[in-house]
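Remarks on the structure that follows.
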Amino acid sequence: ICNQKYNIITFVPGVLYNQFKFFLNLYFLIMACSQFIPSLKIGFLYTYWAPLGFVLSVTLIREAYDEWKRYHRDKEINSTRYKKVQSDGSSRYIASSQIKVSDVLIIEKDQRVPADLILLKSSEKNGTCFIRTDQLDGETDWKLKLAVPSTQSMDNHAAVVNCGAHVYADKPHNDIHSFIGSFTMTNPSRPGVIEESLSIENALWANTVVASGTAVGLVVYTGKHTRSVMNTSHPSTLCGLIVLEINFLTKILFTAVMVLSFALIAIKGFDGPWYRYMFRFVILFSYIIPISLRVNLDMGKAVYSWFIQKDASIPGTTVRCSTIPEELGRIDYVLSDKTGTLTQNEMIFKRLHIGTVAYGVDTMDEVGFYSAPKEELVDLNSTPSRNKKVKATPKIRKSSHTKTVEAVKALAICHNVTPVYECDSDSSPQLESKVYQASSPDEIALVKWTELVGLTLYKRDLNSMQLMLPNQEVANYSMLQIFPFTSESKRMGIIVKEESSGEIIFYMKGADTVMAKIVEFNDWLSEECDNMAREGLRTLVVGKRILTQDVYYDFERRYLQAKLSLTDRALKVTAVIETLERDLELLCVTGVEDQLQIDVRPTLEMLGNAGIRVWMLTGDKLETAMCIAKSSCLVSRDQDIHVFEQVGCVNRRCKRLNAFRRRAPDTALIIRGSSLDICLQYYAIEFVELACQCPAVVVCRCSPTQKAQIVTLLRNHTGKRICAVGDGGNDVSMIQAADCGLGIVGKEGKQASLAADFSVTQFCHIGPLLMVHGRNSYKRSASLSQFIIHRGLIISVMQAVFSSIFYFSSVPLYQGYLMVGYTTIFTMFPVFSLVLDQDVSPSVALRFPELYHELHKGRSLSLKTFLLWVLISVYQGIWAIMYGALLLFDTEFIHAVSISFTSLIFTELLMVALTIRTWHWLMLACEGISLAIYFAALAVLKEYFDPAFLVSVDYVWRVVVITSISCLPLAIIKYLKKRLSPPMYSKLD
């Protein structure tokens with residue numbers, strides 16, 4: 001494992017390249033290098049190299065620290081020791097970095113899997129092993145893995161290693177949900193070859209953790225070929241909008257430098273080597289583009305990130321990308337997932353419909369085994385004659401009680417839920433200590449409900465399941481086949497055999513769109529599914545089919561043959577399973593409800609008042625999405641809703657689009673993913689323009705790929721800042737495509753959280769994150785950037801005046817340590833204290849989200865504000881400080897330097913004080929420290945100042961007059977503006 005970006009040789013060149021590929025740093029490097037040319041040298045080398053060296057030193061130290069941490073993390077992982085089984089059956093410890101393909105490893109409980117393995121043997125007798133995959137796919141549920149039956153039956157490790165088997169594995173790829181392989185071994189007991197298929201159920205991927213027992217596995221992929229490494233993406237470096245704006249202003253400043261230098265040369269005359277003089281002027285004015293701007297901004301962003309993570313009102317929030325906190329203050333669109341984001345992903349069973357009877361929350365006590373006739377309850381565990389041949393049950397009219405019992409029984413059997421007990425496996429399990437493990441909260445909700453009505457999932461292992469009846473008897477079932485749920489099939493099935501009756505039953509449950517084609521014809525399925533969806537319930541349709549032994553044995557033969565295929569295995573397996581999916585008896589339709597997140601309604605209302613438009617992207621059906629949109633107040637109850645119907649004809653598409661155009665500005669839009677694809681294929685620009693006018697947009701039946709496409713489309717078309725919010729692995733592509741990704745740590749694990757720029761624990765934390773921290777970060781970065789630009793502008797303007805007065809000579813006004821100190825210790829601390837400034841308190845920012853709305857206009861950092869600071873710099877540099885110092889100094893030029901430089905320092909400190917809107921004690925400390933450092937420098941730097949003149953009254957009153965002329969008019973203008981035209985935030989305090 002190697003996550004390091006550099007090595008010993010490439011570290012310095014790599015870091016320098018990443019720094020100097022930016023125009024700002026490259027420009028200053030060229031200026032500094034030019035000082036090695038005698039004809040271009042205008043001062044001491046350290047005047048240019050000291051600031052550049054400071055910036056590069058900070059960058060190198062930061063990168064070295066990050067690289068050192070990566071090195072130690074890699075070293076810790078690579079030096080982890082694992083047991084390797086040797087040919088004699090003994091084991092020895094080897095480092096993780098020494099593991100090779102074909103090694104047989106022993107993985108203990110709670111130990112991380114170091115490579116991709118095939119599970120050969122488990123300490124559990126039935127050959128099962130649970131693993132945790134939250135660091136691979138983000139899901140917190142335990143996954144059940146199966147050992148190869150041939151090696152699981154072996155007595156010891158030596159027999160496993162020396163069995164002479166061959167394993168085939170397909171070539172490495174990044175799909176963590178699929179694996180194709182085969183296990184071939186010569187049968188030691190009788191002639192012949194044992195061949196078994198290997199699938200994802202036999203694979204232990206690297207970075208998963210063994211949750212139960214001990215696993216013995218064969219290494220099939222290592223290093224860069226493991227699934228975890230192949231799924232490790234390197235997203236592009238995010239660049240905030242404020243960085244782009246500053247880069248644009250930097251180019252304007254560079255143009256100003258070139259124009260100013262050329263103007264001075266033109267006035268002086270193109271005599272002699274004028275191009276050399278012009279380049280000297282470019283060097284003199286290079287401080288107009290401040291080298292410290294990027295460092296100050298990066299340090300400010302680190303402070304903002306620290307504030308976010310330490311905010312007690314949003315506990316658990318993590319900043320994973322500290323380069324874009326100010327982007328939180330520029331969001332125009334929030335694209336949110338529904339399940340687990342707007343809702344809690346905690347399912348509650350709400351409705352059971354069996355065709356003739358519907359059970360709701362108020363009538364659940366009438367369901368199933370508590371109200372079922374006694375003879376129907378006995379039938380569950382009856383024992384027919386062993387000689388009687390099991391036949392398919394004939395179609396007879398069943399009572400509502402019978403249908404209810406069959407429906408509850410189907411829900412208790414058709415799932416992938418495993419009960420886990422805290423007690424020892426050999427002792428009798430205690431129901432009080434039972435915890436259900438499953439990959440879907442829907443299934444857990446169904447199993448909990450069946451337990452509530454009397455049929456409890458008692459035990460489950462690899463091949464059997466036990467259900468406890470209300471009379472404390474146990475019904476045993478053998479699990480013959482399981483067909484897991486996939487996003488492609490949208491259904492799962494199971495074939496069980498009742499031990500008491502010998503009856504073989506195929507159960508299947510899935511989405512109504514899929515199951516409607518599989519179950520027998522009925523006249524109520526579609527209507528009831530729509531009714532439940534309108535109530536905001538997620539629906540599942542359950543069906544069953546009784547199989548004869550001949551039918552099942554024929555299916556089993558074809559199914560095993562398809563699983564052994566090494567080409568198109570998935571297609572062949574699916575085709576065999578589909579032969580069973582015909583004319584299933586429709587048992588019931590269930591409805592579960594996903595609870596809304598805490599404070600989701602106030603948060604969505606806050607986003608709306610802040611001028612942020614929210615789009616909900618979900619995979620649920622249209623009616624469910626519409627109900628959640630209304631219940632969460634994303635769409636108000638009295639607001640018109642336009643449902644964009646799916647059409648295939650070109651003319652009808654145009655009609656639908658025109659109908660939408662007439663209603664777009666005042667109507668919420670709900671559209672299916674398939675319809676969206678058609679619109680984007682033929683009318684992309686027109687459709688997006690209309691959708692952006694809608695107060696809310698809901699896209700249902702939306703795939704993960706479509707979510708990312710919508711984000712990209714909005715970014716490219718509108719040019720606005722997009723924030724994507726999600727909680728599951730299916731939201732990762734959407735989160736990474738957005739300008740700012742927010743991941744919620746929820747029931748679906750940490751995958752979205754780890755891929756996001758910011759991780760929160762609740763959806764309601766988005767409000768403070770945007771309204772408080774995003775707003776403050778943007779306004780602080782804007783003030784900090786413009787003030788640093790002002791600091792460089794004012795001294796460059798003074799240099800231009802000095803050169804023009806003294807015969808256009810390219811001689812620096814301030815030399816040596818004065819220039820170095822001006823851009824670093826003399827003014828650095830007060831300027832950086834702007835990262836603590838705020839215009840309103842957090843409570844006011846949350847109470848009045850309209851304050852966020854004005855940030856969309858970008859007025860805090862714009863061409864207008866930039867030109868205003870240029871005007872201030874010109875006034876202070878030319879008329880106040882420079883001409884004032886030249887008029888008031890006596891005969892010695894050193895006095896003019898002393899007066900002007902001291903006035904310049906005081907002006908900068910006072911301008912910081914005038915810019916600050918809310919004082920912090922650290923700001924006062926920074927002002928005091930800077931003054932103390934400057935007064936100490938006056939006493940030390942005697943070659944630049946006249947000590948006798950510094951203690952005279954003439955020096956003091958001249959500095960006071962010049963500083964007052966420089967700052968007092970601006971203070972008066974600011975006061976009058978605040979009184980006559982106060983900003984919005986000042987009216988709310």
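Here, A, B, ... name the chains of the structure tokens in the order displayed, residue numbers run from 1 inside each chain, and ligands are numbered from 1 in the same displayed order.
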
Counting only C-alpha atoms, what is within 12 Å of stretch 243-248 of chain A, bar same-chain residues fewer than 5 positions away, as a ChimeraX atom specification? /A:22-25,238,253-255,289-290,293-294,297-298,301,323-327,778,781-786,788-789,858-863,866

Find the residues near A:Leu411: any atom within 12 Å, counting only C-alpha atoms, skip ones fewer than 6 places away on the same chain, and give them as a ChimeraX atom specification. /A:349,352,368,404-405,417,442-451,453,455-457,467,492-494,507-510,540-544,587-590

Would you save the residues of that selection, restricted to N, CA and C atoms, as an mmCIF file, in the first residue's frame?
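Below is the file result-v4.cif, written as the result:
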```cif
data_model
loop_
_atom_site.group_PDB
_atom_site.id
_atom_site.type_symbol
_atom_site.label_atom_id
_atom_site.label_comp_id
_atom_site.auth_asym_id
_atom_site.auth_seq_id
_atom_site.Cartn_x
_atom_site.Cartn_y
_atom_site.Cartn_z
ATOM 1 N N PHE A 349 -43.373 -0.406 9.490
ATOM 2 C CA PHE A 349 -44.420 -1.115 8.749
ATOM 3 C C PHE A 349 -45.757 -0.413 8.979
ATOM 4 N N LEU A 352 -50.695 -3.467 5.167
ATOM 5 C CA LEU A 352 -50.702 -4.800 4.566
ATOM 6 C C LEU A 352 -52.018 -4.952 3.818
ATOM 7 N N GLY A 368 -52.998 -11.796 11.345
ATOM 8 C CA GLY A 368 -52.186 -13.000 11.458
ATOM 9 C C GLY A 368 -52.541 -13.926 12.570
ATOM 10 N N THR A 404 -54.137 -14.002 5.123
ATOM 11 C CA THR A 404 -53.303 -13.224 6.047
ATOM 12 C C THR A 404 -52.170 -14.066 6.602
ATOM 13 N N VAL A 405 -52.487 -15.309 7.010
ATOM 14 C CA VAL A 405 -51.450 -16.199 7.549
ATOM 15 C C VAL A 405 -50.389 -16.475 6.492
ATOM 16 N N VAL A 417 -32.443 -11.595 6.261
ATOM 17 C CA VAL A 417 -32.194 -11.147 7.628
ATOM 18 C C VAL A 417 -31.642 -12.303 8.453
ATOM 19 N N ASP A 442 -35.645 -2.021 5.007
ATOM 20 C CA ASP A 442 -36.988 -2.474 4.663
ATOM 21 C C ASP A 442 -37.220 -3.893 5.171
ATOM 22 N N GLU A 443 -36.240 -4.760 4.950
ATOM 23 C CA GLU A 443 -36.393 -6.156 5.365
ATOM 24 C C GLU A 443 -36.466 -6.287 6.882
ATOM 25 N N ILE A 444 -35.648 -5.495 7.589
ATOM 26 C CA ILE A 444 -35.688 -5.545 9.051
ATOM 27 C C ILE A 444 -37.058 -5.098 9.550
ATOM 28 N N ALA A 445 -37.626 -4.072 8.917
ATOM 29 C CA ALA A 445 -38.954 -3.603 9.314
ATOM 30 C C ALA A 445 -39.998 -4.698 9.118
ATOM 31 N N LEU A 446 -39.911 -5.440 8.010
ATOM 32 C CA LEU A 446 -40.863 -6.513 7.753
ATOM 33 C C LEU A 446 -40.728 -7.645 8.766
ATOM 34 N N VAL A 447 -39.486 -8.033 9.077
ATOM 35 C CA VAL A 447 -39.262 -9.134 10.009
ATOM 36 C C VAL A 447 -39.674 -8.730 11.426
ATOM 37 N N LYS A 448 -39.400 -7.489 11.805
ATOM 38 C CA LYS A 448 -39.839 -7.017 13.116
ATOM 39 C C LYS A 448 -41.366 -7.025 13.216
ATOM 40 N N TRP A 449 -42.011 -6.706 12.095
ATOM 41 C CA TRP A 449 -43.476 -6.701 12.120
ATOM 42 C C TRP A 449 -44.033 -8.116 12.247
ATOM 43 N N THR A 450 -43.447 -9.074 11.529
ATOM 44 C CA THR A 450 -43.924 -10.457 11.660
ATOM 45 C C THR A 450 -43.714 -10.967 13.084
ATOM 46 N N GLU A 451 -42.631 -10.529 13.727
ATOM 47 C CA GLU A 451 -42.421 -10.890 15.133
ATOM 48 C C GLU A 451 -43.500 -10.262 16.005
ATOM 49 N N VAL A 453 -46.572 -9.629 15.207
ATOM 50 C CA VAL A 453 -47.880 -10.277 15.041
ATOM 51 C C VAL A 453 -47.831 -11.768 15.344
ATOM 52 N N LEU A 455 -45.079 -14.283 14.541
ATOM 53 C CA LEU A 455 -44.198 -15.225 13.857
ATOM 54 C C LEU A 455 -42.783 -14.661 13.900
ATOM 55 N N THR A 456 -41.927 -15.256 14.717
ATOM 56 C CA THR A 456 -40.612 -14.707 15.024
ATOM 57 C C THR A 456 -39.524 -15.476 14.294
ATOM 58 N N LEU A 457 -38.598 -14.741 13.693
ATOM 59 C CA LEU A 457 -37.402 -15.357 13.106
ATOM 60 C C LEU A 457 -36.480 -15.729 14.261
ATOM 61 N N LEU A 467 -38.549 -20.643 12.534
ATOM 62 C CA LEU A 467 -39.524 -19.634 12.917
ATOM 63 C C LEU A 467 -40.243 -20.098 14.179
ATOM 64 N N MET A 492 -36.067 -10.044 -4.984
ATOM 65 C CA MET A 492 -35.291 -11.138 -4.413
ATOM 66 C C MET A 492 -36.217 -12.327 -4.208
ATOM 67 N N GLY A 493 -35.619 -13.517 -4.253
ATOM 68 C CA GLY A 493 -36.411 -14.731 -4.118
ATOM 69 C C GLY A 493 -35.705 -15.755 -3.256
ATOM 70 N N ILE A 494 -36.471 -16.711 -2.787
ATOM 71 C CA ILE A 494 -35.924 -17.779 -1.963
ATOM 72 C C ILE A 494 -36.765 -19.028 -2.187
ATOM 73 N N TYR A 507 -40.716 -18.304 -2.909
ATOM 74 C CA TYR A 507 -41.244 -16.994 -2.544
ATOM 75 C C TYR A 507 -40.452 -15.912 -3.283
ATOM 76 N N MET A 508 -41.132 -14.857 -3.645
ATOM 77 C CA MET A 508 -40.451 -13.733 -4.288
ATOM 78 C C MET A 508 -41.143 -12.436 -3.883
ATOM 79 N N LYS A 509 -40.339 -11.401 -3.647
ATOM 80 C CA LYS A 509 -40.871 -10.072 -3.376
ATOM 81 C C LYS A 509 -40.039 -9.057 -4.150
ATOM 82 N N GLY A 510 -40.674 -7.932 -4.497
ATOM 83 C CA GLY A 510 -39.965 -6.926 -5.261
ATOM 84 C C GLY A 510 -40.828 -5.716 -5.545
ATOM 85 N N LEU A 540 -43.913 -3.088 -1.514
ATOM 86 C CA LEU A 540 -43.314 -4.363 -1.914
ATOM 87 C C LEU A 540 -44.433 -5.339 -2.213
ATOM 88 N N VAL A 541 -44.297 -6.024 -3.333
ATOM 89 C CA VAL A 541 -45.285 -7.024 -3.738
ATOM 90 C C VAL A 541 -44.692 -8.400 -3.467
ATOM 91 N N VAL A 542 -45.487 -9.278 -2.843
ATOM 92 C CA VAL A 542 -45.011 -10.607 -2.451
ATOM 93 C C VAL A 542 -45.848 -11.661 -3.162
ATOM 94 N N GLY A 543 -45.160 -12.637 -3.723
ATOM 95 C CA GLY A 543 -45.836 -13.746 -4.385
ATOM 96 C C GLY A 543 -45.171 -15.062 -4.063
ATOM 97 N N LYS A 544 -45.876 -16.177 -4.398
ATOM 98 C CA LYS A 544 -45.287 -17.488 -4.132
ATOM 99 C C LYS A 544 -45.712 -18.474 -5.212
ATOM 100 N N LEU A 587 -49.715 -12.772 -3.044
ATOM 101 C CA LEU A 587 -50.075 -12.913 -1.638
ATOM 102 C C LEU A 587 -50.489 -11.585 -1.011
ATOM 103 N N CYS A 588 -49.661 -10.569 -1.175
ATOM 104 C CA CYS A 588 -49.957 -9.316 -0.493
ATOM 105 C C CYS A 588 -49.111 -8.190 -1.072
ATOM 106 N N VAL A 589 -49.492 -6.992 -0.688
ATOM 107 C CA VAL A 589 -48.698 -5.787 -0.943
ATOM 108 C C VAL A 589 -48.443 -5.133 0.404
ATOM 109 N N THR A 590 -47.190 -4.820 0.699
ATOM 110 C CA THR A 590 -46.844 -4.186 1.970
ATOM 111 C C THR A 590 -46.431 -2.739 1.732
#
```

Distance query A:Ala159 at most 9 Å, only C-alpha atoms, self and fewer than 6 positions along chain excluded, as an MDAnalysis selection string: chainID A and resid 87:89 151

For the residues in the current selection, export N, CA, C and O atoms as an mmCIF file, in the first residue's frame.
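Output below, filename out_38.cif:
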```cif
data_model
loop_
_atom_site.group_PDB
_atom_site.id
_atom_site.type_symbol
_atom_site.label_atom_id
_atom_site.label_comp_id
_atom_site.auth_asym_id
_atom_site.auth_seq_id
_atom_site.Cartn_x
_atom_site.Cartn_y
_atom_site.Cartn_z
ATOM 1 N N SER A 87 3.071 -25.485 4.403
ATOM 2 C CA SER A 87 2.704 -26.783 3.833
ATOM 3 C C SER A 87 2.494 -27.859 4.898
ATOM 4 O O SER A 87 1.732 -28.806 4.684
ATOM 5 N N ASP A 88 3.163 -27.750 6.047
ATOM 6 C CA ASP A 88 2.996 -28.750 7.099
ATOM 7 C C ASP A 88 1.820 -28.434 8.021
ATOM 8 O O ASP A 88 1.602 -29.128 9.020
ATOM 9 N N GLY A 89 1.053 -27.385 7.709
ATOM 10 C CA GLY A 89 -0.105 -27.035 8.507
ATOM 11 C C GLY A 89 0.179 -26.018 9.588
ATOM 12 O O GLY A 89 -0.754 -25.462 10.180
ATOM 13 N N THR A 151 -13.326 -27.574 0.850
ATOM 14 C CA THR A 151 -12.262 -27.307 1.823
ATOM 15 C C THR A 151 -12.823 -27.114 3.229
ATOM 16 O O THR A 151 -12.115 -27.358 4.211
#
```

Secondary structure check, helix (DSSP H, G or I) residues of stretch 714-950 of chain A, as a PyMOL selection string: chain A and resi 714-718+729-737+751-755+763-805+817-823+828-836+842-847+850-857+863-888+893-915+921-940+947-950

Would you kindly return, as number ranges by chain, each protein, DNA or RNA residue with an atom no farther than 9 Å from any atom of stretch 912-923 of chain A, considering only C-alpha atoms and excluding same-chain residues fewer than 5 positions away? A: 783, 787, 829-834, 836-840, 907, 928, 967, 970-971, 974

Shortest contact to A:Asp594, candidates A:Lys630, A:Lys338, A:Lys572, A:Lys779, atoms counted only C-alpha atoms, goes to A:Lys338

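When only C-alpha atoms are used to measure the gap to A:Phe11, the shortest distance among A:Ile308, A:Val953, A:Leu29, A:Leu60 belongs to A:Leu60.
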
What gap, in Å, lies between atom CA of A:Gly536 and atom CA of A:Leu596? 10.7 Å

If DSSP is run on the backbone, what residues of stretch 513-700 of chain A are strand (DSSP E)? A reply as a PyMOL selection string would be ideal. chain A and resi 537-547+585-596+613-617+641-644+668-672+697-700

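Here the question is which of A:Ser500, A:Ser79, A:Ser873, A:Gln762 gets nearest to A:Ser478 using only C-alpha atoms, and that residue is A:Ser500.
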
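Taking atom CA of A:Ser57 and atom CA of A:Ile252 as the two end points, the separation is 27.6 Å.
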
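Proximity ranking of A:Gln693, A:Leu607, A:Phe660, A:Ile878 relative to A:Ile805 places A:Ile878 first, based on only C-alpha atoms.
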
Work out how far atom CA of A:Ser898 is from atom CA of A:Ser952, in Å to one decimal. 12.1 Å

Determine the nearest neighbour of A:Gly611 from the options A:Gly360, A:Pro13, A:Gly746, A:Pro849, counting only C-alpha atoms. A:Pro849

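Counting only C-alpha atoms, the residue from A:Thr486, A:Asn174, A:Thr128, A:Gln135 that sits nearest to A:Ala215 is A:Thr128.
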
For A:Val592, please output as an MDAnalysis selection string all residues within 8 Å (counting only C-alpha atoms; exclusion window: fewer than 3 positions along the same chain). chainID A and resid 347:351 442 445 537:539

Create the file for the chosen residues now, containing all heavy atoms and written as an mmCIF file, in the first residue's frame.
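Produced file selection_8.cif, reproduced below:
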```
data_model
loop_
_atom_site.group_PDB
_atom_site.id
_atom_site.type_symbol
_atom_site.label_atom_id
_atom_site.label_comp_id
_atom_site.auth_asym_id
_atom_site.auth_seq_id
_atom_site.Cartn_x
_atom_site.Cartn_y
_atom_site.Cartn_z
ATOM 1 N N MET A 347 -37.367 2.397 8.611
ATOM 2 C CA MET A 347 -38.652 1.977 8.072
ATOM 3 C C MET A 347 -39.594 1.489 9.171
ATOM 4 O O MET A 347 -39.178 0.791 10.096
ATOM 5 C CB MET A 347 -38.438 0.867 7.042
ATOM 6 C CG MET A 347 -37.503 1.259 5.905
ATOM 7 S SD MET A 347 -38.121 2.657 4.979
ATOM 8 C CE MET A 347 -36.763 2.958 3.864
ATOM 9 N N ILE A 348 -40.837 1.883 9.048
ATOM 10 C CA ILE A 348 -41.891 1.440 9.953
ATOM 11 C C ILE A 348 -42.999 0.815 9.112
ATOM 12 O O ILE A 348 -43.464 1.417 8.140
ATOM 13 C CB ILE A 348 -42.447 2.621 10.772
ATOM 14 C CG1 ILE A 348 -41.335 3.231 11.625
ATOM 15 C CG2 ILE A 348 -43.594 2.163 11.649
ATOM 16 C CD1 ILE A 348 -41.791 4.438 12.412
ATOM 17 N N PHE A 349 -43.373 -0.406 9.490
ATOM 18 C CA PHE A 349 -44.420 -1.115 8.749
ATOM 19 C C PHE A 349 -45.757 -0.413 8.979
ATOM 20 O O PHE A 349 -46.191 -0.216 10.100
ATOM 21 C CB PHE A 349 -44.495 -2.567 9.221
ATOM 22 C CG PHE A 349 -45.296 -3.446 8.306
ATOM 23 C CD1 PHE A 349 -44.678 -4.161 7.305
ATOM 24 C CD2 PHE A 349 -46.676 -3.557 8.440
ATOM 25 C CE1 PHE A 349 -45.408 -4.985 6.462
ATOM 26 C CE2 PHE A 349 -47.416 -4.356 7.598
ATOM 27 C CZ PHE A 349 -46.784 -5.077 6.602
ATOM 28 N N LYS A 350 -46.437 -0.041 7.853
ATOM 29 C CA LYS A 350 -47.658 0.747 7.962
ATOM 30 C C LYS A 350 -48.889 0.071 7.360
ATOM 31 O O LYS A 350 -50.002 0.316 7.802
ATOM 32 C CB LYS A 350 -47.459 2.103 7.263
ATOM 33 C CG LYS A 350 -46.532 3.050 7.988
ATOM 34 C CD LYS A 350 -47.193 3.611 9.235
ATOM 35 C CE LYS A 350 -46.341 4.667 9.895
ATOM 36 N NZ LYS A 350 -46.990 5.249 11.085
ATOM 37 N N ARG A 351 -48.730 -0.755 6.337
ATOM 38 C CA ARG A 351 -49.899 -1.233 5.613
ATOM 39 C C ARG A 351 -49.660 -2.635 5.070
ATOM 40 O O ARG A 351 -48.574 -2.950 4.581
ATOM 41 C CB ARG A 351 -50.196 -0.290 4.450
ATOM 42 C CG ARG A 351 -51.498 -0.555 3.703
ATOM 43 C CD ARG A 351 -52.697 -0.226 4.563
ATOM 44 N NE ARG A 351 -52.663 1.163 5.000
ATOM 45 C CZ ARG A 351 -53.102 2.192 4.271
ATOM 46 N NH1 ARG A 351 -53.612 1.960 3.074
ATOM 47 N NH2 ARG A 351 -53.047 3.414 4.742
ATOM 48 N N ASP A 442 -35.645 -2.021 5.007
ATOM 49 C CA ASP A 442 -36.988 -2.474 4.663
ATOM 50 C C ASP A 442 -37.220 -3.893 5.171
ATOM 51 O O ASP A 442 -38.283 -4.200 5.742
ATOM 52 C CB ASP A 442 -37.192 -2.444 3.142
ATOM 53 C CG ASP A 442 -37.018 -1.054 2.568
ATOM 54 O OD1 ASP A 442 -35.911 -0.502 2.703
ATOM 55 O OD2 ASP A 442 -37.974 -0.532 1.982
ATOM 56 N N ALA A 445 -37.626 -4.072 8.917
ATOM 57 C CA ALA A 445 -38.954 -3.603 9.314
ATOM 58 C C ALA A 445 -39.998 -4.698 9.118
ATOM 59 O O ALA A 445 -40.882 -4.880 9.965
ATOM 60 C CB ALA A 445 -39.326 -2.353 8.512
ATOM 61 N N LEU A 537 -45.720 5.798 1.161
ATOM 62 C CA LEU A 537 -45.225 4.488 1.580
ATOM 63 C C LEU A 537 -44.420 3.840 0.462
ATOM 64 O O LEU A 537 -44.723 4.015 -0.723
ATOM 65 C CB LEU A 537 -46.396 3.573 1.961
ATOM 66 C CG LEU A 537 -47.355 4.097 3.032
ATOM 67 C CD1 LEU A 537 -48.440 3.067 3.311
ATOM 68 C CD2 LEU A 537 -46.610 4.447 4.307
ATOM 69 N N ARG A 538 -43.404 3.090 0.840
ATOM 70 C CA ARG A 538 -42.637 2.296 -0.110
ATOM 71 C C ARG A 538 -43.285 0.923 -0.190
ATOM 72 O O ARG A 538 -43.490 0.256 0.826
ATOM 73 C CB ARG A 538 -41.175 2.186 0.324
ATOM 74 C CG ARG A 538 -40.486 3.519 0.437
ATOM 75 C CD ARG A 538 -39.056 3.394 0.879
ATOM 76 N NE ARG A 538 -38.230 2.799 -0.151
ATOM 77 C CZ ARG A 538 -36.896 2.668 -0.049
ATOM 78 N NH1 ARG A 538 -36.285 3.066 1.036
ATOM 79 N NH2 ARG A 538 -36.203 2.130 -1.022
ATOM 80 N N THR A 539 -43.596 0.474 -1.391
ATOM 81 C CA THR A 539 -44.377 -0.743 -1.580
ATOM 82 C C THR A 539 -43.502 -1.923 -1.979
ATOM 83 O O THR A 539 -42.494 -1.767 -2.676
ATOM 84 C CB THR A 539 -45.448 -0.523 -2.657
ATOM 85 O OG1 THR A 539 -44.823 -0.096 -3.872
ATOM 86 C CG2 THR A 539 -46.433 0.532 -2.212
#
```

A:Val844: which residues within 12 Å, counting only C-alpha atoms, same-chain residues fewer than 2 positions away excluded, as a CSV table (one decimal) with C-alpha atoms, in the first residue's frame?
```
chain,number,residue,atom,x,y,z
A,768,PRO,CA,-25.9,26.5,10.2
A,771,MET,CA,-26.1,30.3,6.8
A,772,VAL,CA,-23.4,30.8,9.4
A,838,GLN,CA,-18.4,38.8,11.5
A,839,ASP,CA,-21.1,41.2,10.7
A,840,VAL,CA,-24.0,39.5,12.6
A,841,SER,CA,-24.2,36.8,15.3
A,842,PRO,CA,-24.9,33.2,14.3
A,846,LEU,CA,-30.1,31.7,11.2
A,847,ARG,CA,-33.2,33.8,12.1
A,848,PHE,CA,-32.9,35.8,8.9
A,849,PRO,CA,-31.7,33.5,6.1
A,850,GLU,CA,-32.5,36.3,3.6
A,851,LEU,CA,-29.0,37.7,4.5
A,852,TYR,CA,-27.6,34.7,2.6
A,984,MET,CA,-29.1,45.0,5.7
A,985,TYR,CA,-27.3,43.2,8.5
A,986,SER,CA,-27.0,46.4,10.6
A,987,LYS,CA,-30.8,46.7,10.8
A,988,LEU,CA,-31.1,43.2,12.4
A,989,ASP,CA,-28.8,43.6,15.4
```
